[in-house]
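Enquirer: Got a structure for you, questions after.
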Amino acid sequence: MQEEPRQKAVIAGVELKGGGDFDYAMQELRNLADACYIEVVDQLSQKLERINPSHYIGTGKLDELKILLEAHEAEAVIFNDELSPSQIRNLEADLECAVMDRTMLILDIFAERAKTREAQLQVDVARLQYSLPRLVGLRASLSRQGGAGGAGFRNRGSGETKLELDRRRIEERITILQAELEKLVATRQNQRKKRKKNDVPVVCLVGYTNTGKSSLMNALLETYDPETTKQVYAHNMLFATLETSVRSIELPDNKSFLLTDTVGFVSQLPHHLVKAFRSTLEEVTEADLLIHVVDFAHEDYEKLIEVTNHTLQELGAENIPTVYAYNKCDLTEHPYPRVAGDSVYLSVKEKAGLDELVGKVKGEIFADYVTRDILIPFSEGRLVAYFNENANVLETSYEAEGTRLRLECRFADYERYKQHFVEMAGES
């Protein structure tokens, strides 16, 4: 099958004084374009005190941009920030080419990756809300506004949704989609309530997009349940996972926890998307523990950590206990598996360091477990069965008065049933 020719684009950005790591932001924009099947042929940047309100960049740079577009025969310009409706209108008129901004690019990627009905609805709502104030000037750039399939420029003119859609019709569409989304959100919230009721700890995988979160989930599933058929989709690309997946990890010592895989983060995640994906992102805020997966082989891995921590802060999840999983150590010189404080250095690909990671997780989420030596009278035999199923029984022996168990159990279980057994003296 012959590969479709990639669209050519120039990326452009303004470096503001004290505006953060500009080089990193531009590299990230390049990666986002690549994920959208767009070939970046050149880059233009400008240092300014403030963004030009009419054209984003200054008039001199605008002329420079025209020359670059002509020289490379590029069909589009992608700007590093979210553009206002008037900026899009003015730039399209002056450059006579398609104009995209960072938000459009991310929305396009999400649209292509969305697989479940909920994710597709979330992306559609975000795209419609983004396009609403921009109807007048978007011309060809927004010809892809309709469905959730297909990215950016490749579908231009395919008639997914006509630009003639007026504001009223778009608003009506948003209302219909949001009503459907609310039903799915309610279902998800009910599932969360049930999980809380069952008192099973929830561990949430978070991190920058494409650090190996889904691969880590699969590796843990396969390690603790070799017969599993519940693997999640994992692929080496930005935003491979948009759906929240929840899997139960059953440990050999009768302990278990729920592991949640979430959408990856990226800097300047569009607020329309954050709003639309709120039900998915809520999973993070209600977790008992976060596993922050880091691509340790990435040259800017510290920046990726920063982006994720900033997003967690915005979600109100910055105070949840966190274990850092430094993945892809096999691509570095760093020794692994290794535990240092709240960090575990590992390689998901080689399944090296998984036991160490689970050890750290257990230390965090099963801190309320106690080890006891108890004697259960024969008349309370049901308790022996209960503890065999719900605790980690280390030793069993039979005495004249009943069954003696040395076990590790939840403190709550110990308190609930202690009047039915005798605790053996001198044991902790």
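By convention in this document, the chains of the structure tokens carry letters A, B, ... by their order, each chain's residues are numbered from 1, and ligands are numbered from 1 in the order they are shown.
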So which residues touch stretch 360-362 of chain A within 8 Å, counting only C-alpha atoms, skipping near sequence neighbours fewer than 3 positions away, as a PDB file with all heavy atoms, in the first residue's frame?

Expert:
```
ATOM      1  N   LEU A 289      -3.330   6.583  44.826  1.00  0.00           N
ATOM      2  CA  LEU A 289      -1.897   6.711  44.527  1.00  0.00           C
ATOM      3  C   LEU A 289      -1.723   6.964  43.037  1.00  0.00           C
ATOM      4  O   LEU A 289      -2.464   6.411  42.225  1.00  0.00           O
ATOM      5  CB  LEU A 289      -1.173   5.401  44.919  1.00  0.00           C
ATOM      6  CG  LEU A 289       0.331   5.317  44.606  1.00  0.00           C
ATOM      7  CD1 LEU A 289       1.137   6.213  45.542  1.00  0.00           C
ATOM      8  CD2 LEU A 289       0.832   3.876  44.709  1.00  0.00           C
ATOM      9  N   VAL A 323       4.360   7.756  43.159  1.00  0.00           N
ATOM     10  CA  VAL A 323       5.577   6.973  42.935  1.00  0.00           C
ATOM     11  C   VAL A 323       6.026   7.285  41.504  1.00  0.00           C
ATOM     12  O   VAL A 323       5.210   7.254  40.579  1.00  0.00           O
ATOM     13  CB  VAL A 323       5.310   5.453  43.097  1.00  0.00           C
ATOM     14  CG1 VAL A 323       6.516   4.634  42.639  1.00  0.00           C
ATOM     15  CG2 VAL A 323       4.955   5.115  44.543  1.00  0.00           C
ATOM     16  N   ASP A 342      11.182   7.662  46.460  1.00  0.00           N
ATOM     17  CA  ASP A 342       9.878   7.393  45.839  1.00  0.00           C
ATOM     18  C   ASP A 342      10.000   7.132  44.337  1.00  0.00           C
ATOM     19  O   ASP A 342       9.031   7.214  43.597  1.00  0.00           O
ATOM     20  CB  ASP A 342       8.901   8.560  46.106  1.00  0.00           C
ATOM     21  CG  ASP A 342       9.416   9.883  45.542  1.00  0.00           C
ATOM     22  OD1 ASP A 342      10.525   9.897  44.950  1.00  0.00           O
ATOM     23  OD2 ASP A 342       8.723  10.914  45.689  1.00  0.00           O
ATOM     24  N   GLU A 356       9.820  -4.397  41.893  1.00  0.00           N
ATOM     25  CA  GLU A 356      10.221  -3.268  42.733  1.00  0.00           C
ATOM     26  C   GLU A 356       9.139  -2.187  42.755  1.00  0.00           C
ATOM     27  O   GLU A 356       8.832  -1.610  43.794  1.00  0.00           O
ATOM     28  CB  GLU A 356      11.544  -2.659  42.220  1.00  0.00           C
ATOM     29  CG  GLU A 356      12.775  -3.505  42.478  1.00  0.00           C
ATOM     30  CD  GLU A 356      12.965  -4.669  41.487  1.00  0.00           C
ATOM     31  OE1 GLU A 356      12.090  -4.882  40.609  1.00  0.00           O
ATOM     32  OE2 GLU A 356      13.979  -5.357  41.591  1.00  0.00           O
ATOM     33  N   LEU A 357       8.543  -1.951  41.586  1.00  0.00           N
ATOM     34  CA  LEU A 357       7.478  -0.941  41.494  1.00  0.00           C
ATOM     35  C   LEU A 357       6.271  -1.368  42.323  1.00  0.00           C
ATOM     36  O   LEU A 357       5.724  -0.573  43.096  1.00  0.00           O
ATOM     37  CB  LEU A 357       7.072  -0.727  40.029  1.00  0.00           C
ATOM     38  CG  LEU A 357       5.944   0.288  39.788  1.00  0.00           C
ATOM     39  CD1 LEU A 357       6.353   1.685  40.227  1.00  0.00           C
ATOM     40  CD2 LEU A 357       5.525   0.301  38.319  1.00  0.00           C
ATOM     41  N   ILE A 365      -0.222   1.818  49.418  1.00  0.00           N
ATOM     42  CA  ILE A 365      -1.679   1.643  49.479  1.00  0.00           C
ATOM     43  C   ILE A 365      -2.138   0.590  50.489  1.00  0.00           C
ATOM     44  O   ILE A 365      -3.316   0.536  50.819  1.00  0.00           O
ATOM     45  CB  ILE A 365      -2.282   1.316  48.088  1.00  0.00           C
ATOM     46  CG1 ILE A 365      -1.706   0.016  47.520  1.00  0.00           C
ATOM     47  CG2 ILE A 365      -2.091   2.465  47.134  1.00  0.00           C
ATOM     48  CD1 ILE A 365      -2.379  -0.438  46.231  1.00  0.00           C
ATOM     49  N   PHE A 366      -1.199  -0.223  50.970  1.00  0.00           N
ATOM     50  CA  PHE A 366      -1.584  -1.215  51.976  1.00  0.00           C
ATOM     51  C   PHE A 366      -0.943  -0.897  53.323  1.00  0.00           C
ATOM     52  O   PHE A 366      -0.652  -1.791  54.114  1.00  0.00           O
ATOM     53  CB  PHE A 366      -1.206  -2.630  51.516  1.00  0.00           C
ATOM     54  CG  PHE A 366      -1.870  -3.035  50.232  1.00  0.00           C
ATOM     55  CD1 PHE A 366      -1.118  -3.400  49.121  1.00  0.00           C
ATOM     56  CD2 PHE A 366      -3.250  -3.038  50.113  1.00  0.00           C
ATOM     57  CE1 PHE A 366      -1.730  -3.762  47.933  1.00  0.00           C
ATOM     58  CE2 PHE A 366      -3.872  -3.398  48.921  1.00  0.00           C
ATOM     59  CZ  PHE A 366      -3.108  -3.762  47.826  1.00  0.00           C
ATOM     60  N   ALA A 367      -0.736   0.362  53.587  1.00  0.00           N
ATOM     61  CA  ALA A 367      -0.100   0.783  54.833  1.00  0.00           C
ATOM     62  C   ALA A 367      -0.995   0.474  56.037  1.00  0.00           C
ATOM     63  O   ALA A 367      -0.532   0.422  57.177  1.00  0.00           O
ATOM     64  CB  ALA A 367       0.213   2.283  54.782  1.00  0.00           C
TER      65      ALA A 367
END
```

Enquirer: Quick one: everything within 7 Å of A:Val266, counting only C-alpha atoms, minus sequence neighbours fewer than 6 positions away in the same chain. Send it as a short mmCIF file (atom, residue, chain, number, x, y, z; two decimals) with C-alpha atoms, in the first residue's frame.

Expert:
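Output (result_39.cif):
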```
data_model
loop_
_atom_site.label_atom_id
_atom_site.label_comp_id
_atom_site.auth_asym_id
_atom_site.auth_seq_id
_atom_site.Cartn_x
_atom_site.Cartn_y
_atom_site.Cartn_z
CA TYR A 208 3.38 12.83 29.50
CA THR A 209 1.97 11.28 26.35
CA VAL A 307 4.44 19.47 32.26
#
```

Enquirer: Would you return as a VMD selection string the members of stretch 264-300 of chain A that DSSP assigns to alpha helix (DSSP H) on this structure's backbone?

Expert: chain A and resid 271 to 276 278 to 285

Enquirer: Between stretch 210-329 of chain A and stretch 398-418 of chain A, at 10 Å or less, what are the per-residue closest atom pairs and their distances in Å? Count only C-alpha atoms, order by chain and rising residue number, and return it as a Markdown table.

Expert:
```
| residue | atom | partner | partner_atom | distance |
| --- | --- | --- | --- | --- |
| A:Asp253 | CA | A:Glu408 | CA | 9.1 |
| A:Asn254 | CA | A:Cys409 | CA | 9.5 |
| A:Lys255 | CA | A:Cys409 | CA | 9.2 |
```

Enquirer: Residues of the last selection are to be written out with N, CA and C atoms, as a compact mmCIF listing (two decimals), in the first residue's frame.

Expert:
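Writing the result to again.txt gives the following:
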```txt
# COMPACT_ATOMS: atom_id res chain seq x y z
N ASP A 253 -0.53 -12.42 47.23
CA ASP A 253 -0.80 -12.48 48.68
C ASP A 253 -2.22 -12.03 49.02
N ASN A 254 -3.16 -12.28 48.09
CA ASN A 254 -4.57 -11.94 48.30
C ASN A 254 -4.83 -10.44 48.42
N LYS A 255 -3.89 -9.65 47.99
CA LYS A 255 -4.13 -8.21 47.92
C LYS A 255 -4.42 -7.88 46.45
```

Enquirer: Just to confirm, what's the straight-line distance from atom CA of A:Lys349 to atom CA of A:Gly363 in Å (one decimal)?

Expert: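 Atom CA of A:Gly363 lies at a distance of 24.2 Å from atom CA of A:Lys349.
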
Enquirer: Which value, in Å to one decimal, gives the distance between atom CA of A:Asp199 and atom CA of A:Tyr345?

Expert: 29.6 Å

Enquirer: So which residues touch A:Pro335 within 10 Å, counting only C-alpha atoms, skipping near sequence neighbours fewer than 5 positions away, as a tab-separated table (two decimals) with N, CA and C atoms, in the first residue's frame?

Expert:
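Contents of the output file around-v8.tsv:
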```tsv
chain	number	residue	atom	x	y	z
A	329	CYS	N	14.79	2.63	30.90
A	329	CYS	CA	16.19	2.65	31.38
A	329	CYS	C	17.10	1.81	30.50
A	330	ASP	N	16.50	0.85	29.75
A	330	ASP	CA	17.31	0.02	28.84
A	330	ASP	C	17.94	0.85	27.73
A	345	TYR	N	13.54	2.85	39.01
A	345	TYR	CA	14.13	2.87	37.67
A	345	TYR	C	13.90	1.49	37.06
A	346	LEU	N	13.28	1.47	35.89
A	346	LEU	CA	12.85	0.18	35.33
A	346	LEU	C	12.83	0.20	33.80
```
